[in-house]
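Enquirer: This structure is in structure tokens; I'll ask about it shortly.
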Amino acid sequence: MKLYFAPGACSLSPHIALREAGLKFDMDKVDLKAKTTAGGEDYKAVNPKGYVPALKLDDGTVLTEAASIVQYIADKNPGAKLAPANGTTERYKLQEILNFLATEVHKGTSPLFNPATPDAYKQMVTAKLGERYDHLSTQLEKQPFLMGQNFSVADGYLFTLLNWTKFVNIDMGKWPVLKAFYDRVAARPAVQEALVAEGLVKKA
Ligand SMILES: N[C@@H](CCC(=O)N[C@@H](CS)C(=O)NCC(=O)O)C(=O)O
């Protein structure tokens with residue numbers, strides 16, 4: 001398998017999942033402006049949508065969309081318990097959370113990275129995002145992880161999205177429960193390995 005990633009982007013979520021699952025994989029860094037990879041590939045030929053993440057399987061199939069990729073990874077090693085079994089109500093709950101993260105939080109944050117976004121719109125987006133953080137905070141007040149007592153692929157995704165707050169001028173101090181969650185997930189060895197591999201933190 002090969003993960004196409006950009007440091008600190010949403011591809012960090014499947015990257016964490018791959019390490020949590022203990023799977024073997026290669027990585028290829030994507031230049032999102034040039035749409036080329038460090039390995040010398042034309043990235044648009046890999047993922048015509050031109051964005052990360054993409055996961056190329058050993059048979060050549062390319063999976064895209066973070067919420068789908070992380071479920072594939074979880075199912076590759078059920079023993080790691082990164083997702084409830086397919087077909088169970090709990091699995092639909094996981095999909096509900098992944099979809100919320102993808103559409104409300106991930107895409108709710110994206111405009112804040114764009115220098116062309118007008119300030120008034122940035123304020124609206126930040127306020128709406130605050131409501132989403134409030135919801136997540138209420139959930140995580142009751143339990144350590146989004147699905148309950150155990151870490152799942154949804155937690156790696158939320159960690160990735162919360163990691164962006166420092167770049168978009170959002171003060172996590174307003175959501176101490178989310179900050180505690182962030183620190184809890186950051187302390188996981190697989191997460192540290194992913195951060196080091198992407199050059200986001202130095203090896204301890
Ligand atoms: N719908 C996609 C969105 C992926 C996405 O937004 N990727 C960003 C990085 S976080 C990207 O590569 N942007 C560059 C571009 O759109 O050209 C998913 O959920 O995986």
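FYI, nothing fancy with the structure tokens labels: chains A, B, ... in order, residues from 1 per chain, ligands from 1 as they appear.
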Near Phe113 of chain A, within 10 Å and counting only C-alpha atoms, which residues show up once chain neighbours fewer than 6 positions away are dropped, as a count of residues only?
Expert: 5
Enquirer: Residues at most 12 Å from Ala85 of chain A, counting only C-alpha atoms, excluding those fewer than 4 positions away in the same chain, as a count of residues only?
Expert: 18
Enquirer: Produce as JSON, numbers by chain the set of residues near ligand 1, where near means within 6 Å with only C-alpha atoms and all ligand atoms considered.
Expert: {"A": [9, 10, 32, 50, 51, 52, 53, 65, 66, 102]}
Enquirer: Considering only C-alpha atoms, can you say which of A:Ala116, A:Ile97, A:Val70, A:Val191 comes closest to Gly148 of chain A?
Expert: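 Nearest to Gly148 of chain A: A:Ile97.
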Enquirer: Which value, in Å to one decimal, gives the distance between atom CA of Glu20 of chain A and atom CA of Ala190 of chain A?
Expert: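 For atom CA of Glu20 of chain A relative to atom CA of Ala190 of chain A, the distance reads 5.5 Å.
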Enquirer: Using DSSP on the backbone coordinates, identify all residues within chain A classified as strand (DSSP E or B); present the result as an MDAnalysis selection string.
Expert: chainID A and resid 2:5 26:31 36:37 42 54:56 62:64 145 148
Enquirer: Just how far from atom CA of Trp175 of chain A is atom CA of Gln139 of chain A, in Å to one decimal?
Expert: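 That distance, rounded to one decimal, is 12.1 Å.
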